[in-house]
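J.: Have a peek at coords_9.cif (mmCIF, C-alpha atoms).
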data_model
#
loop_
_atom_site.label_atom_id
_atom_site.label_comp_id
_atom_site.auth_asym_id
_atom_site.auth_seq_id
_atom_site.Cartn_x
_atom_site.Cartn_y
_atom_site.Cartn_z
CA LYS V 21 0.52 -25.79 22.36
CA SER V 22 -2.04 -25.16 19.70
CA MET V 23 -1.72 -22.72 16.84
CA TYR V 24 -4.17 -19.82 16.93
CA LEU V 25 -3.55 -17.00 14.46
CA GLN V 26 -5.61 -13.87 13.97
CA THR V 27 -5.47 -11.35 11.16
CA GLN V 28 -7.77 -8.37 10.59
CA ARG V 29 -10.53 -10.53 9.12
CA ILE V 30 -9.85 -14.19 9.90
CA ILE V 31 -8.80 -16.60 12.60
CA VAL V 32 -6.75 -19.71 11.82
CA ARG V 33 -7.51 -22.14 14.63
CA PRO V 34 -7.75 -25.83 15.48
CA LEU V 35 -10.82 -27.57 14.12
CA SER V 36 -13.46 -28.92 16.50
CA GLN V 37 -16.42 -31.29 16.28
CA ASN V 38 -18.60 -28.15 16.18
CA ASP V 39 -17.19 -27.44 12.70
CA LEU V 40 -18.75 -30.55 11.14
CA GLN V 41 -21.61 -28.80 9.33
CA GLU V 42 -19.38 -26.17 7.67
CA TYR V 43 -16.58 -28.71 7.12
CA HIS V 44 -19.02 -30.96 5.26
CA LYS V 45 -20.34 -28.01 3.26
CA LEU V 46 -16.77 -27.22 2.21
CA PHE V 47 -15.83 -30.78 1.20
CA SER V 48 -19.15 -31.83 -0.34
CA ASN V 49 -19.31 -28.99 -2.86
CA PRO V 50 -17.68 -29.93 -6.21
CA GLU V 51 -16.94 -26.25 -6.92
CA ASN V 52 -14.52 -26.21 -3.96
CA LEU V 53 -12.71 -29.33 -5.20
CA THR V 54 -12.06 -28.47 -8.86
CA PHE V 55 -8.31 -29.02 -8.60
CA GLU V 56 -8.34 -31.46 -5.67
CA LEU V 57 -7.60 -35.18 -5.87
CA ILE V 58 -10.78 -36.03 -3.99
CA GLU V 59 -14.40 -36.46 -4.92
CA PRO V 60 -17.10 -34.54 -3.01
CA HIS V 61 -17.61 -36.09 0.45
CA SER V 62 -20.70 -37.77 1.77
CA GLN V 63 -21.79 -36.71 5.26
CA GLN V 64 -20.18 -39.89 6.62
CA GLN V 65 -16.89 -39.21 4.83
CA SER V 66 -16.80 -35.67 6.27
CA GLU V 67 -17.49 -36.99 9.78
CA THR V 68 -14.81 -39.66 9.46
CA GLU V 69 -12.21 -37.26 8.07
CA LEU V 70 -12.87 -34.54 10.65
CA THR V 71 -12.75 -37.09 13.48
CA SER V 72 -9.46 -38.41 12.10
CA TRP V 73 -7.95 -34.91 12.08
CA LEU V 74 -9.18 -34.25 15.61
CA GLU V 75 -7.70 -37.54 16.88
CA ARG V 76 -4.41 -36.83 15.12
CA ASN V 77 -4.34 -33.37 16.71
CA LEU V 78 -4.83 -34.87 20.17
CA GLU V 79 -2.14 -37.50 19.65
CA LEU V 80 0.33 -34.88 18.51
CA ASP V 81 -0.73 -32.27 21.05
CA SER V 82 -1.77 -30.02 18.15
CA ALA V 83 1.85 -29.46 17.19
CA PHE V 84 2.36 -27.11 14.28
CA GLY V 85 2.91 -28.77 10.93
CA THR V 86 1.00 -31.96 11.56
CA THR V 87 -2.60 -31.01 11.29
CA GLU V 88 -5.46 -29.23 9.57
CA PHE V 89 -6.73 -25.90 10.91
CA GLY V 90 -9.97 -24.06 10.33
CA ILE V 91 -10.17 -20.63 8.71
CA GLU V 92 -12.92 -18.66 10.41
CA LEU V 93 -14.38 -15.30 9.46
CA ILE V 94 -14.18 -12.96 12.44
CA SER V 95 -17.27 -11.05 11.30
CA THR V 96 -19.58 -14.09 11.30
CA GLY V 97 -17.73 -16.88 13.16
CA GLN V 98 -18.25 -19.06 10.07
CA LEU V 99 -15.71 -21.71 9.01
CA ILE V 100 -14.89 -20.81 5.39
CA GLY V 101 -11.91 -23.05 4.76
CA VAL V 102 -9.09 -25.18 6.04
CA ILE V 103 -5.33 -24.91 5.90
CA SER V 104 -3.15 -27.94 6.47
CA GLY V 105 0.47 -28.49 7.16
CA LEU V 106 2.18 -31.85 7.21
CA TYR V 107 5.80 -32.45 8.04
CA ILE V 108 7.03 -34.42 5.03
CA ASP V 109 10.52 -34.54 6.48
CA THR V 110 10.77 -33.87 10.21
CA ASN V 111 14.56 -34.20 10.23
CA SER V 112 14.89 -31.44 7.63
CA ALA V 113 11.93 -29.46 9.07
CA ILE V 114 10.09 -29.34 5.74
CA VAL V 115 6.34 -28.73 5.81
CA GLU V 116 3.93 -29.19 2.93
CA MET V 117 0.94 -26.88 3.22
CA GLY V 118 -2.38 -26.79 1.46
CA ILE V 119 -5.54 -24.72 1.58
CA ILE V 120 -9.17 -24.96 0.54
CA VAL V 121 -11.53 -22.00 0.89
CA ASP V 122 -15.20 -22.13 -0.01
CA HIS V 123 -15.60 -20.79 -3.56
CA ILE V 124 -18.23 -18.34 -2.29
CA HIS V 125 -15.42 -16.58 -0.41
CA SER V 126 -12.78 -16.70 -3.13
CA ASN V 127 -11.31 -13.48 -4.53
CA ASN V 128 -11.73 -11.75 -1.16
CA GLY V 129 -8.13 -12.18 -0.01
CA TYR V 130 -8.95 -14.65 2.77
CA SER V 131 -6.69 -17.36 1.34
CA HIS V 132 -3.84 -14.87 1.09
CA GLU V 133 -4.36 -13.73 4.69
CA ALA V 134 -4.48 -17.32 5.98
CA LEU V 135 -1.41 -18.51 4.07
CA GLN V 136 0.60 -15.40 4.95
CA ALA V 137 -0.25 -15.82 8.65
CA TYR V 138 0.66 -19.51 8.44
CA VAL V 139 4.02 -18.85 6.75
CA ASN V 140 4.80 -16.02 9.20
CA PHE V 141 4.05 -18.34 12.11
CA ALA V 142 6.07 -21.22 10.66
CA PHE V 143 9.19 -19.16 10.18
CA SER V 144 8.94 -16.99 13.30
CA GLN V 145 7.64 -19.47 15.89
CA THR V 146 8.92 -22.87 14.75
CA ASP V 147 12.14 -24.32 13.37
CA THR V 148 10.61 -24.86 9.92
CA HIS V 149 13.34 -24.71 7.28
CA LYS V 150 11.14 -24.89 4.16
CA ILE V 151 7.49 -24.84 3.19
CA LEU V 152 6.31 -26.62 0.06
CA ALA V 153 3.01 -26.46 -1.79
CA ARG V 154 1.85 -28.57 -4.71
CA THR V 155 -0.97 -27.72 -7.07
CA ASP V 156 -2.46 -28.78 -10.35
CA SER V 157 -0.57 -26.74 -12.95
CA ARG V 158 -3.92 -25.60 -14.40
CA ASN V 159 -4.85 -23.94 -11.08
CA ILE V 160 -3.75 -20.42 -12.02
CA PRO V 161 -5.44 -18.65 -9.05
CA CYS V 162 -3.55 -20.91 -6.62
CA ILE V 163 -0.26 -20.40 -8.46
CA ARG V 164 -0.72 -16.63 -8.30
CA LEU V 165 -1.51 -16.89 -4.59
CA LEU V 166 1.61 -18.97 -3.85
CA GLU V 167 3.78 -16.49 -5.74
CA LYS V 168 2.11 -13.56 -3.94
CA ILE V 169 3.16 -14.96 -0.54
CA GLY V 170 6.75 -15.27 -1.76
CA MET V 171 6.92 -18.88 -2.93
CA SER V 172 9.01 -19.78 -5.99
CA ARG V 173 8.26 -22.41 -8.56
CA GLU V 174 10.68 -25.27 -7.95
CA GLY V 175 9.50 -27.71 -10.53
CA LEU V 176 6.85 -29.36 -12.61
CA LEU V 177 6.01 -33.03 -12.23
CA ARG V 178 4.59 -34.12 -15.55
CA LYS V 179 1.33 -36.06 -15.48
CA ASN V 180 1.89 -36.63 -11.77
CA VAL V 181 -1.67 -36.60 -10.43
CA LYS V 182 -4.65 -38.67 -11.48
CA MET V 183 -7.73 -36.55 -10.96
CA PRO V 184 -11.26 -37.86 -10.30
CA ASP V 185 -11.99 -37.47 -14.05
CA GLY V 186 -9.48 -40.28 -14.64
CA GLN V 187 -7.00 -38.04 -16.45
CA TYR V 188 -3.41 -37.36 -15.42
CA TYR V 189 -2.32 -33.75 -15.03
CA ASP V 190 0.92 -31.91 -14.37
CA GLU V 191 1.65 -30.78 -10.83
CA ALA V 192 3.51 -27.56 -10.05
CA ILE V 193 5.77 -27.50 -6.97
CA TYR V 194 6.33 -24.26 -5.06
CA GLY V 195 8.58 -23.59 -2.10
CA ILE V 196 9.85 -20.94 0.24
CA LEU V 197 12.92 -21.20 2.44
CA ARG V 198 13.34 -19.62 5.84
CA GLU V 199 16.15 -17.44 4.41
CA ASP V 200 13.86 -16.24 1.58
CA PHE V 201 11.34 -15.14 4.15
#
Show me the file's structure as structure tokens.

T.:
Amino acid sequence: KSMYLQTQRIIVRPLSQNDLQEYHKLFSNPENLTFELIEPHSQQQSETELTSWLERNLELDSAFGTTEFGIELISTGQLIGVISGLYIDTNSAIVEMGIIVDHIHSNNGYSHEALQAYVNFAFSQTDTHKILARTDSRNIPCIRLLEKIGMSREGLLRKNVKMPDGQYYDEAIYGILREDF
């Protein structure tokens, strides 16, 4: 049972080995990773990471909330980003989600469409109780996006993440409950 979501302009779908070129383009570009905890990937790192996700998906039968999905433009078939969901507490049915969209495609509403579709699916098709998202508190576009899809700020973890520049930064925590949805 694999998640496949379609909106007017995008498809959120399982990743495949065929995505490697675009996946690497996404994770090797520093502009896409400004507020991420990772450095730009080498080709080998991208291959290893994508293979790891694909193996994890197979092991878990592509169950929702345990994997990374591709965000594909319907108009071109191009992979423009990824959205991930990891059960951080399976007993409580709490999922932490994250998203990265190529900076070339930012400010076009694709991230909003993908996250909204993901949240809709989580609360309508699974037993998810809560969805969390964490972001660097300086990442104002992401914070606005999380609030736009109905998430509320639940806290601030001071100097909680050490970024590739060696500095520690505050991390904002956002959440949405099934009953809020």

J.: Mind telling me what the PyMOL selection byres ((chain V and resi 160-175) around 12) catches here, as a PDB file with C-alpha atoms, keeping the file's coordinate frame?

T.:
ATOM      1  CA  THR V  54     -12.060 -28.470  -8.860  1.00  0.00           C
ATOM      2  CA  PHE V  55      -8.310 -29.020  -8.600  1.00  0.00           C
ATOM      3  CA  GLU V  56      -8.340 -31.460  -5.670  1.00  0.00           C
ATOM      4  CA  MET V 117       0.940 -26.880   3.220  1.00  0.00           C
ATOM      5  CA  GLY V 118      -2.380 -26.790   1.460  1.00  0.00           C
ATOM      6  CA  ILE V 119      -5.540 -24.720   1.580  1.00  0.00           C
ATOM      7  CA  ILE V 120      -9.170 -24.960   0.540  1.00  0.00           C
ATOM      8  CA  VAL V 121     -11.530 -22.000   0.890  1.00  0.00           C
ATOM      9  CA  HIS V 123     -15.600 -20.790  -3.560  1.00  0.00           C
ATOM     10  CA  SER V 126     -12.780 -16.700  -3.130  1.00  0.00           C
ATOM     11  CA  ASN V 127     -11.310 -13.480  -4.530  1.00  0.00           C
ATOM     12  CA  ASN V 128     -11.730 -11.750  -1.160  1.00  0.00           C
ATOM     13  CA  GLY V 129      -8.130 -12.180  -0.010  1.00  0.00           C
ATOM     14  CA  TYR V 130      -8.950 -14.650   2.770  1.00  0.00           C
ATOM     15  CA  SER V 131      -6.690 -17.360   1.340  1.00  0.00           C
ATOM     16  CA  HIS V 132      -3.840 -14.870   1.090  1.00  0.00           C
ATOM     17  CA  GLU V 133      -4.360 -13.730   4.690  1.00  0.00           C
ATOM     18  CA  ALA V 134      -4.480 -17.320   5.980  1.00  0.00           C
ATOM     19  CA  LEU V 135      -1.410 -18.510   4.070  1.00  0.00           C
ATOM     20  CA  GLN V 136       0.600 -15.400   4.950  1.00  0.00           C
ATOM     21  CA  ALA V 137      -0.250 -15.820   8.650  1.00  0.00           C
ATOM     22  CA  TYR V 138       0.660 -19.510   8.440  1.00  0.00           C
ATOM     23  CA  VAL V 139       4.020 -18.850   6.750  1.00  0.00           C
ATOM     24  CA  ASN V 140       4.800 -16.020   9.200  1.00  0.00           C
ATOM     25  CA  LYS V 150      11.140 -24.890   4.160  1.00  0.00           C
ATOM     26  CA  ILE V 151       7.490 -24.840   3.190  1.00  0.00           C
ATOM     27  CA  LEU V 152       6.310 -26.620   0.060  1.00  0.00           C
ATOM     28  CA  ALA V 153       3.010 -26.460  -1.790  1.00  0.00           C
ATOM     29  CA  ARG V 154       1.850 -28.570  -4.710  1.00  0.00           C
ATOM     30  CA  THR V 155      -0.970 -27.720  -7.070  1.00  0.00           C
ATOM     31  CA  ASP V 156      -2.460 -28.780 -10.350  1.00  0.00           C
ATOM     32  CA  SER V 157      -0.570 -26.740 -12.950  1.00  0.00           C
ATOM     33  CA  ARG V 158      -3.920 -25.600 -14.400  1.00  0.00           C
ATOM     34  CA  ASN V 159      -4.850 -23.940 -11.080  1.00  0.00           C
ATOM     35  CA  LEU V 176       6.850 -29.360 -12.610  1.00  0.00           C
ATOM     36  CA  LEU V 177       6.010 -33.030 -12.230  1.00  0.00           C
ATOM     37  CA  ARG V 178       4.590 -34.120 -15.550  1.00  0.00           C
ATOM     38  CA  ASN V 180       1.890 -36.630 -11.770  1.00  0.00           C
ATOM     39  CA  ASP V 190       0.920 -31.910 -14.370  1.00  0.00           C
ATOM     40  CA  GLU V 191       1.650 -30.780 -10.830  1.00  0.00           C
ATOM     41  CA  ALA V 192       3.510 -27.560 -10.050  1.00  0.00           C
ATOM     42  CA  ILE V 193       5.770 -27.500  -6.970  1.00  0.00           C
ATOM     43  CA  TYR V 194       6.330 -24.260  -5.060  1.00  0.00           C
ATOM     44  CA  GLY V 195       8.580 -23.590  -2.100  1.00  0.00           C
ATOM     45  CA  ILE V 196       9.850 -20.940   0.240  1.00  0.00           C
ATOM     46  CA  LEU V 197      12.920 -21.200   2.440  1.00  0.00           C
ATOM     47  CA  ARG V 198      13.340 -19.620   5.840  1.00  0.00           C
ATOM     48  CA  GLU V 199      16.150 -17.440   4.410  1.00  0.00           C
ATOM     49  CA  ASP V 200      13.860 -16.240   1.580  1.00  0.00           C
ATOM     50  CA  PHE V 201      11.340 -15.140   4.150  1.00  0.00           C
TER      51      PHE V 201
END

J.: What is the CA of Gln64 (chain V) to CA of Glu51 (chain V) distance in Å?

T.: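 Between CA of Gln64 (chain V) and CA of Glu51 (chain V) the gap is 19.5 Å.
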
J.: Between V:Glu42, V:Asp185, V:Leu25, V:Glu67, which residue has the minimum interatomic distance to Gly97 (chain V), considering only C-alpha atoms?

T.: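 Of the candidates, the smallest distance to Gly97 (chain V) is held by V:Glu42.
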
J.: Check which residues satisfy the PyMOL selection byres ((chain V and resi 61) around 9) in the file shown, then give them as JSON, numbers by chain.

T.: {"V": [44, 45, 47, 48, 49, 58, 59, 60, 62, 63, 64, 65, 66]}

J.: Would you please work out which residue, of V:Ala142, V:Leu53, V:Ile31, V:Leu46, is nearest to Thr96 (chain V) when using all atoms listed in the file?

T.: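 For Thr96 (chain V), the nearest of the candidates is V:Ile31.
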
J.: Since I can't run it myself right now, could you work out what the PyMOL selection byres ((chain V and resi 103-113) around 7) selects here and report it as a PDB file with C-alpha atoms, in the coordinates of the input?

T.:
ATOM      1  CA  GLY V  85       2.910 -28.770  10.930  1.00  0.00           C
ATOM      2  CA  THR V  86       1.000 -31.960  11.560  1.00  0.00           C
ATOM      3  CA  THR V  87      -2.600 -31.010  11.290  1.00  0.00           C
ATOM      4  CA  GLU V  88      -5.460 -29.230   9.570  1.00  0.00           C
ATOM      5  CA  PHE V  89      -6.730 -25.900  10.910  1.00  0.00           C
ATOM      6  CA  GLY V  90      -9.970 -24.060  10.330  1.00  0.00           C
ATOM      7  CA  GLY V 101     -11.910 -23.050   4.760  1.00  0.00           C
ATOM      8  CA  VAL V 102      -9.090 -25.180   6.040  1.00  0.00           C
ATOM      9  CA  ILE V 114      10.090 -29.340   5.740  1.00  0.00           C
ATOM     10  CA  VAL V 115       6.340 -28.730   5.810  1.00  0.00           C
ATOM     11  CA  GLU V 116       3.930 -29.190   2.930  1.00  0.00           C
ATOM     12  CA  MET V 117       0.940 -26.880   3.220  1.00  0.00           C
ATOM     13  CA  GLY V 118      -2.380 -26.790   1.460  1.00  0.00           C
ATOM     14  CA  ILE V 119      -5.540 -24.720   1.580  1.00  0.00           C
ATOM     15  CA  ILE V 120      -9.170 -24.960   0.540  1.00  0.00           C
ATOM     16  CA  ASP V 147      12.140 -24.320  13.370  1.00  0.00           C
ATOM     17  CA  THR V 148      10.610 -24.860   9.920  1.00  0.00           C
ATOM     18  CA  HIS V 149      13.340 -24.710   7.280  1.00  0.00           C
ATOM     19  CA  LYS V 150      11.140 -24.890   4.160  1.00  0.00           C
TER      20      LYS V 150
END

J.: Have a look at CA of Gln37 (chain V) and CA of Pro50 (chain V) and let me know their distance in Å, one decimal.

T.: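 Computing the Euclidean distance for CA of Gln37 (chain V) and CA of Pro50 (chain V) yields 22.6 Å.
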
J.: Report, in Å with one decimal, the straight-line distance from CA of Gln145 (chain V) to CA of Met23 (chain V).

T.: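 We find that CA of Gln145 (chain V) and CA of Met23 (chain V) lie 10.0 Å from each other.
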
J.: Quick one: of V:Gln41, V:Ser95, V:Asn52, V:Thr68, who's nearest to Asp122 (chain V), counting only C-alpha atoms?

T.: V:Asn52

J.: Is it possible to get the axis-aligned box enclosing region 127-137 of chain V (all listed atoms, 4 Å extra per side) as AutoDock Vina command-line options, with centre and edge lengths in Å rounded to one decimal?

T.:
--center_x -5.6 --center_y -15.1 --center_z 2.1 --size_x 20.3 --size_y 14.8 --size_z 21.2
